[in-house]
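Undergrad: The following block contains the structure, expressed as structure tokens.
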Amino acid sequence: MLECTPKEIKERNSGGMINPAKTCQPIGAMYAALGIHKCLPHSHGSQGCCSYHRMHLTRHFRDPIMASTSSFTEGASVFGGGANLKTAIKNVFEIYKPDVIAVHTTCLTETIGDDIPNIIRSAEVPEGKMVIHANTPSYQGSHITGFSNMVKGMVNYLAEATTPVKKEQVNIIPGFVNPGDMREIKRIAKVMDIDYLMFPDTSGVVDSPMTGEFTMYPQGGTTIEELKDSGNSKLTLALGRFASSDAADMLNKKCKVPAVTLKTPIGIKATDAMLMVLRRTFVKEVPAELEEERGQLVDIMTDTHFHFHGKRVAIFGDPDIVTGLTEFVLSLGMQPVHVLTGTPGGAIGSAIGSFEEDIQAMLAQAGVEANVKAGGDLFTFHQWIKNQPVDLIIGNTYGKYIARAEDVPLVRVGFPVLDRSVHSYLPVVGYRGAMRLIEMISGALLDRQDRDASDEDFELVM
């Protein structure tokens, strides 16, 4: 597949990408919009854009993804898509009957300069229905940027501060994670006996059960009433700097809801940090159920430490997930030697994000040196591995080509995972998710050890 990737690294002055480690903004915006109950995402652009985004999400979640499109033709591309969007809004409400339409733009509409807010204001929106929007040009950022922009759109259009005293409830912005992760975060809040509003919430939407009947709008998702009430919460917990912090900051400015930004709770340290914030804010004791899970995780990490100690690992994917994974593998005694995200921004000295600084700080504390890059691509990632081989790769499905070319085990984590199933139902966050990750990583390393072992070294107990 990629055996011809050169080992010699040369500076690319063109600025081009080879095998980008990301996809475009509208996919993230579409996924975020699916996290609103009875919401139909709407792609303001051509049919092809909408079809690609739906297909990509459908292949990852193995669940039908519903969305509509403005269906641009040559005329709309030249003269603007205002008429198309107005007609689409009218038809979608009449035919598909959502409670809310979430419009996201594409590179075409951003290039021609459609004024989406004014178009929405002049559209026919039935009483009691809503249209929200987010600007998501495909040629900037990544799907994580698009997710963040759509969640900001939810806050901008819907959040309200209507009570004189903030309620004893927490807003949880989970970031671009699977519905299984969202379910686990909500379970932890329930066990802590804390009232919460999670938005967006795709659990019960893209992991809905098979009933034998088609349901246009499954039972899951954050309701409009809950989104409005988010302005009355005591705290917003933004899990993941890149996907969640901007919306939390906007909610603070708009409704005076204090915000705390934490890492995606992957591993023991990040999960501890989340629980401590909840404990201090709501004056709750950590219940025995969670203490038991944490103790089990510590026991597993102790029992299996020799599987991981000193193993060299390369990690790529979305910035919030990669940050959490890097911190976790360090806690297992592994050495992350290549760490890369395709989402731009976050380079050292950049005003946007702080991916490279966050990773380098963790590595320095552990005494580990590594290649770290934001806005990188898988060609660079592959060249790093050719020059400094690793024992394991952690990333999405696109890493399988590098894994095959370099004969290195791959653990699939993140988005998209297109060649395996069930992953979206099972968490990688929280103590339970950390146990699952240990099983996945340990299994991959030990399978490789078994495969390479001579007959006299082929062990029954490992």
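Chain labels follow the order of the structure tokens: the first chain is A, the next B, and so on; residue numbering restarts at 1 in every chain, and ligands are counted from 1 in their shown order.
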Which residues, written as a list in words, have at least one atom at most 12 Å from Val165 of chain A, with only C-alpha atoms counted and residues fewer than 2 positions away on the same chain left out?

TA: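 Here the qualifying residues turn out to be Ala161, Thr162, Thr163, Lys167, Glu168, Gln169, Gly231, Asn232, Ser233, Lys234, Cys255, Lys256 and Val257 of chain A.
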
Undergrad: Those same residues, written as a PDB file, in the first residue's frame with C-alpha atoms?

TA:
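Saved result, part15.pdb, follows:
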```pdb
ATOM      1  CA  ALA A 161     -30.594  33.174  31.422  1.00  0.00           C
ATOM      2  CA  THR A 162     -34.114  33.378  32.891  1.00  0.00           C
ATOM      3  CA  THR A 163     -33.661  32.653  36.618  1.00  0.00           C
ATOM      4  CA  LYS A 167     -29.758  26.162  39.219  1.00  0.00           C
ATOM      5  CA  GLU A 168     -27.861  23.303  40.846  1.00  0.00           C
ATOM      6  CA  GLN A 169     -27.129  21.698  37.497  1.00  0.00           C
ATOM      7  CA  GLY A 231     -28.131  29.557  30.548  1.00  0.00           C
ATOM      8  CA  ASN A 232     -29.458  28.907  34.061  1.00  0.00           C
ATOM      9  CA  SER A 233     -26.843  26.308  35.052  1.00  0.00           C
ATOM     10  CA  LYS A 234     -24.286  26.728  37.815  1.00  0.00           C
ATOM     11  CA  CYS A 255     -25.518  34.009  30.322  1.00  0.00           C
ATOM     12  CA  LYS A 256     -22.817  34.355  33.001  1.00  0.00           C
ATOM     13  CA  VAL A 257     -22.412  30.580  33.440  1.00  0.00           C
TER      14      VAL A 257
END
```

Undergrad: Using only C-alpha atoms, which protein or nucleic acid residues come within 10 Å of Ala403 of chain A? Drop anything in the same chain fewer than 3 positions from it, and give the result as a list in words.

TA: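 Everything that qualifies: Leu2, His382, Ile385, Leu392, Ile393, Ile394, Tyr398, Gly399, Lys400, Glu406, Asp407, Val408, Pro409, Leu410 and Val411 of chain A.
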
Undergrad: Keeping C-alpha atoms, export the residues of the selection given above as a PDB file, in the first residue's frame.

TA:
```pdb
ATOM      1  CA  LEU A   2       2.403   2.682   1.268  1.00  0.00           C
ATOM      2  CA  HIS A 382       4.469   7.603   8.267  1.00  0.00           C
ATOM      3  CA  ILE A 385       7.648   5.926  11.967  1.00  0.00           C
ATOM      4  CA  LEU A 392       2.090   0.237  18.386  1.00  0.00           C
ATOM      5  CA  ILE A 393      -0.038   2.764  16.489  1.00  0.00           C
ATOM      6  CA  ILE A 394      -3.199   4.243  18.016  1.00  0.00           C
ATOM      7  CA  TYR A 398      -6.738   5.418   8.079  1.00  0.00           C
ATOM      8  CA  GLY A 399      -3.778   4.221  10.127  1.00  0.00           C
ATOM      9  CA  LYS A 400      -4.238   0.665   8.842  1.00  0.00           C
ATOM     10  CA  GLU A 406       5.449  -1.039   8.587  1.00  0.00           C
ATOM     11  CA  ASP A 407       4.109  -4.286  10.113  1.00  0.00           C
ATOM     12  CA  VAL A 408       3.008  -2.576  13.348  1.00  0.00           C
ATOM     13  CA  PRO A 409      -0.151  -3.406  15.387  1.00  0.00           C
ATOM     14  CA  LEU A 410      -2.956  -0.819  15.213  1.00  0.00           C
ATOM     15  CA  VAL A 411      -5.471  -0.031  17.959  1.00  0.00           C
TER      16      VAL A 411
END
```

Undergrad: Per DSSP on the backbone, what are the strand (DSSP E) residues of segment 72-232 of chain A, as a list in words?

TA: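 The strand (DSSP E) subset of segment 72-232 of chain A is Val100, Ile101, Ala102, Val103, His104, Thr105, Met130, Val131, Ile132, His133, Ala134, Lys167, Glu168, Gln169, Val170, Asn171, Ile172, Ile173, Asp195, Tyr196, Leu197 and Met198 of chain A.
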
Undergrad: Export N, CA and C atoms of the chosen residues as a compact mmCIF listing (two decimals), in the first residue's frame?

TA:
```txt
# COMPACT_ATOMS: atom_id res chain seq x y z
N VAL A 100 -36.47 21.66 14.74
CA VAL A 100 -35.42 22.63 14.45
C VAL A 100 -34.62 22.17 13.25
N ILE A 101 -34.22 23.12 12.42
CA ILE A 101 -33.30 22.87 11.31
C ILE A 101 -31.98 23.53 11.67
N ALA A 102 -30.90 22.78 11.58
CA ALA A 102 -29.57 23.31 11.88
C ALA A 102 -28.80 23.44 10.57
N VAL A 103 -28.64 24.66 10.09
CA VAL A 103 -27.99 24.92 8.80
C VAL A 103 -26.49 25.06 9.01
N HIS A 104 -25.73 24.33 8.22
CA HIS A 104 -24.28 24.57 8.19
C HIS A 104 -23.88 24.85 6.74
N THR A 105 -22.89 25.71 6.60
CA THR A 105 -22.45 26.10 5.26
C THR A 105 -21.39 25.14 4.73
N MET A 130 -37.80 26.32 14.80
CA MET A 130 -36.61 27.15 14.83
C MET A 130 -35.63 26.76 13.73
N VAL A 131 -34.84 27.74 13.30
CA VAL A 131 -33.72 27.49 12.40
C VAL A 131 -32.49 28.12 13.04
N ILE A 132 -31.44 27.33 13.22
CA ILE A 132 -30.16 27.84 13.71
C ILE A 132 -29.11 27.61 12.63
N HIS A 133 -27.95 28.22 12.78
CA HIS A 133 -26.94 28.02 11.74
C HIS A 133 -25.54 28.13 12.33
N ALA A 134 -24.57 27.63 11.55
CA ALA A 134 -23.15 27.79 11.86
C ALA A 134 -22.40 27.94 10.55
N LYS A 167 -29.28 27.46 38.75
CA LYS A 167 -29.76 26.16 39.22
C LYS A 167 -28.59 25.25 39.59
N GLU A 168 -28.87 24.31 40.47
CA GLU A 168 -27.86 23.30 40.85
C GLU A 168 -27.78 22.23 39.76
N GLN A 169 -27.29 22.63 38.62
CA GLN A 169 -27.13 21.70 37.50
C GLN A 169 -25.90 22.10 36.71
N VAL A 170 -25.34 21.14 36.00
CA VAL A 170 -24.12 21.38 35.23
C VAL A 170 -24.40 21.15 33.74
N ASN A 171 -23.89 22.04 32.92
CA ASN A 171 -23.88 21.81 31.48
C ASN A 171 -22.63 20.99 31.15
N ILE A 172 -22.81 19.93 30.39
CA ILE A 172 -21.68 19.12 29.95
C ILE A 172 -21.60 19.16 28.43
N ILE A 173 -20.52 19.74 27.92
CA ILE A 173 -20.27 19.71 26.47
C ILE A 173 -19.23 18.62 26.25
N ASP A 195 -27.55 16.90 38.78
CA ASP A 195 -28.40 17.20 37.62
C ASP A 195 -27.53 17.78 36.51
N TYR A 196 -27.77 17.36 35.29
CA TYR A 196 -26.92 17.79 34.19
C TYR A 196 -27.75 18.04 32.94
N LEU A 197 -27.19 18.86 32.06
CA LEU A 197 -27.69 19.04 30.70
C LEU A 197 -26.51 18.77 29.78
N MET A 198 -26.60 17.74 28.96
CA MET A 198 -25.53 17.46 28.01
C MET A 198 -25.95 17.96 26.63
```

Undergrad: Let's see if you can do this: from backbone DSSP, list all helix (DSSP H, G or I) residues in segment 41-250 of chain A, as a ChimeraX atom specification.

TA: /A:47-61,74-79,82-95,107-112,116-121,143-158,179-191,224-232,241-250

Undergrad: Which of these residues is nearest to Ile116 of chain A, using only C-alpha atoms: A:Tyr31, A:Leu332, A:Ala83, A:Gly433?

TA: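 Of the candidates, the smallest distance to Ile116 of chain A is held by A:Ala83.
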
Undergrad: With only C-alpha atoms as the basis for distance, which of A:Ile300, A:Asp455, A:Pro218, A:Val155 is at the shortest distance from Thr236 of chain A?

TA: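 Looking only at the distances to Thr236 of chain A, the closest residue turns out to be A:Val155.
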
Undergrad: Using only C-alpha atoms, pick whichever of A:Leu445, A:Met462, A:Ala374, A:Met55 has the shortest atom-to-atom distance to Pro20 of chain A.

TA: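 Closest to Pro20 of chain A of all the choices is A:Ala374.
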
Undergrad: Just want the 12 Å neighbourhood of Val429 of chain A, counted on only C-alpha atoms, with same-chain residues fewer than 5 positions away dropped. Output as a ChimeraX atom specification.

TA: /A:174-175,177-188,239-240,263-272,274,320-321,324-325,328,413-414,424,434-438

Undergrad: Once you have the residues from the selection above, write them out as a compact mmCIF listing (two decimals), in the first residue's frame, restricted to N, CA, C and O atoms.

TA:
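Saved as again_35.txt:
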```
# COMPACT_ATOMS: atom_id res chain seq x y z
N PRO A 174 -19.63 17.47 25.70
CA PRO A 174 -18.76 16.28 25.72
C PRO A 174 -17.66 16.28 24.67
O PRO A 174 -16.72 15.49 24.77
N GLY A 175 -17.77 17.16 23.66
CA GLY A 175 -16.80 17.12 22.58
C GLY A 175 -17.19 16.10 21.52
O GLY A 175 -18.22 15.44 21.60
N VAL A 177 -17.14 12.99 20.51
CA VAL A 177 -16.92 11.63 20.99
C VAL A 177 -18.10 10.76 20.56
O VAL A 177 -19.13 11.27 20.10
N ASN A 178 -17.97 9.47 20.72
CA ASN A 178 -19.02 8.54 20.34
C ASN A 178 -20.19 8.59 21.33
O ASN A 178 -20.01 8.99 22.48
N PRO A 179 -21.39 8.14 20.92
CA PRO A 179 -22.51 8.11 21.85
C PRO A 179 -22.25 7.22 23.07
O PRO A 179 -22.75 7.50 24.16
N GLY A 180 -21.45 6.17 22.91
CA GLY A 180 -21.10 5.35 24.06
C GLY A 180 -20.33 6.14 25.11
O GLY A 180 -20.50 5.93 26.32
N ASP A 181 -19.49 7.06 24.67
CA ASP A 181 -18.76 7.93 25.59
C ASP A 181 -19.72 8.90 26.28
O ASP A 181 -19.59 9.17 27.48
N MET A 182 -20.66 9.44 25.53
CA MET A 182 -21.64 10.36 26.13
C MET A 182 -22.48 9.64 27.19
O MET A 182 -22.75 10.20 28.26
N ARG A 183 -22.87 8.42 26.90
CA ARG A 183 -23.63 7.64 27.89
C ARG A 183 -22.82 7.42 29.16
O ARG A 183 -23.36 7.50 30.27
N GLU A 184 -21.52 7.16 29.02
CA GLU A 184 -20.69 6.92 30.19
C GLU A 184 -20.51 8.20 31.02
O GLU A 184 -20.55 8.15 32.26
N ILE A 185 -20.33 9.34 30.36
CA ILE A 185 -20.20 10.60 31.09
C ILE A 185 -21.49 10.92 31.83
O ILE A 185 -21.47 11.35 33.00
N LYS A 186 -22.64 10.67 31.20
CA LYS A 186 -23.92 10.90 31.87
C LYS A 186 -24.10 9.93 33.04
O LYS A 186 -24.64 10.31 34.08
N ARG A 187 -23.67 8.70 32.86
CA ARG A 187 -23.78 7.72 33.97
C ARG A 187 -22.98 8.19 35.17
O ARG A 187 -23.45 8.10 36.32
N ILE A 188 -21.79 8.71 34.94
CA ILE A 188 -20.96 9.20 36.04
C ILE A 188 -21.66 10.35 36.76
O ILE A 188 -21.68 10.41 38.00
N LEU A 239 -15.46 19.47 27.94
CA LEU A 239 -14.55 18.33 27.90
C LEU A 239 -13.84 18.32 26.55
O LEU A 239 -14.39 17.86 25.55
N GLY A 240 -12.63 18.85 26.54
CA GLY A 240 -11.87 18.95 25.30
C GLY A 240 -11.75 20.40 24.86
O GLY A 240 -12.76 21.04 24.54
N LYS A 263 -9.49 18.20 29.97
CA LYS A 263 -9.20 17.23 28.92
C LYS A 263 -10.38 16.28 28.76
O LYS A 263 -11.14 16.04 29.70
N THR A 264 -10.54 15.70 27.58
CA THR A 264 -11.47 14.59 27.42
C THR A 264 -11.09 13.53 28.44
O THR A 264 -9.93 13.13 28.52
N PRO A 265 -12.05 13.07 29.27
CA PRO A 265 -11.70 12.20 30.41
C PRO A 265 -11.29 10.79 30.00
O PRO A 265 -11.98 9.80 30.30
N ILE A 266 -10.14 10.69 29.33
CA ILE A 266 -9.57 9.40 28.94
C ILE A 266 -8.46 9.08 29.95
O ILE A 266 -7.51 9.84 30.09
N GLY A 267 -8.60 7.97 30.64
CA GLY A 267 -7.58 7.58 31.60
C GLY A 267 -7.89 8.05 33.00
O GLY A 267 -8.80 8.83 33.24
N ILE A 268 -7.08 7.59 33.95
CA ILE A 268 -7.36 7.81 35.36
C ILE A 268 -7.18 9.27 35.77
O ILE A 268 -7.98 9.82 36.53
N LYS A 269 -6.15 9.93 35.26
CA LYS A 269 -5.86 11.29 35.68
C LYS A 269 -6.93 12.26 35.21
O LYS A 269 -7.42 13.11 35.98
N ALA A 270 -7.33 12.17 33.95
CA ALA A 270 -8.33 13.09 33.40
C ALA A 270 -9.71 12.82 34.00
O ALA A 270 -10.48 13.76 34.22
N THR A 271 -10.03 11.56 34.27
CA THR A 271 -11.31 11.24 34.91
C THR A 271 -11.33 11.76 36.34
O THR A 271 -12.34 12.31 36.80
N ASP A 272 -10.23 11.60 37.06
CA ASP A 272 -10.12 12.18 38.40
C ASP A 272 -10.38 13.67 38.38
O ASP A 272 -11.10 14.21 39.24
N MET A 274 -12.12 15.47 36.28
CA MET A 274 -13.53 15.76 36.05
C MET A 274 -14.35 15.56 37.32
O MET A 274 -15.19 16.40 37.69
N ASP A 320 -8.34 16.59 20.87
CA ASP A 320 -8.78 16.30 22.24
C ASP A 320 -8.59 14.83 22.59
O ASP A 320 -8.20 14.49 23.71
N ILE A 321 -8.88 13.95 21.63
CA ILE A 321 -8.71 12.52 21.86
C ILE A 321 -7.23 12.17 21.98
O ILE A 321 -6.81 11.40 22.86
N GLY A 324 -5.82 13.20 25.38
CA GLY A 324 -6.21 12.26 26.42
C GLY A 324 -5.47 10.94 26.32
O GLY A 324 -5.03 10.38 27.33
N LEU A 325 -5.31 10.44 25.09
CA LEU A 325 -4.60 9.18 24.90
C LEU A 325 -3.13 9.30 25.28
O LEU A 325 -2.55 8.37 25.87
N PHE A 328 -2.78 9.14 28.95
CA PHE A 328 -3.09 7.80 29.44
C PHE A 328 -1.95 6.83 29.20
O PHE A 328 -1.55 6.07 30.10
N VAL A 413 -8.94 3.85 17.60
CA VAL A 413 -9.63 4.75 18.52
C VAL A 413 -9.85 6.06 17.79
O VAL A 413 -8.96 6.55 17.08
N GLY A 414 -11.02 6.66 17.96
CA GLY A 414 -11.28 7.97 17.38
C GLY A 414 -12.24 7.92 16.21
O GLY A 414 -13.03 6.98 16.06
N SER A 424 -18.70 2.42 18.51
CA SER A 424 -19.41 3.63 18.91
C SER A 424 -20.33 3.40 20.10
O SER A 424 -20.77 4.35 20.76
N ALA A 434 -11.23 3.42 30.40
CA ALA A 434 -9.79 3.16 30.53
C ALA A 434 -9.52 1.66 30.62
O ALA A 434 -8.53 1.17 30.05
N MET A 435 -10.39 0.93 31.32
CA MET A 435 -10.24 -0.52 31.37
C MET A 435 -10.35 -1.12 29.97
O MET A 435 -9.59 -2.02 29.59
N ARG A 436 -11.28 -0.62 29.19
CA ARG A 436 -11.45 -1.12 27.82
C ARG A 436 -10.22 -0.82 26.98
O ARG A 436 -9.74 -1.66 26.21
N LEU A 437 -9.67 0.39 27.11
CA LEU A 437 -8.47 0.75 26.35
C LEU A 437 -7.29 -0.14 26.72
O LEU A 437 -6.52 -0.56 25.85
N ILE A 438 -7.15 -0.43 28.01
CA ILE A 438 -6.06 -1.32 28.44
C ILE A 438 -6.22 -2.68 27.79
O ILE A 438 -5.24 -3.28 27.30
```
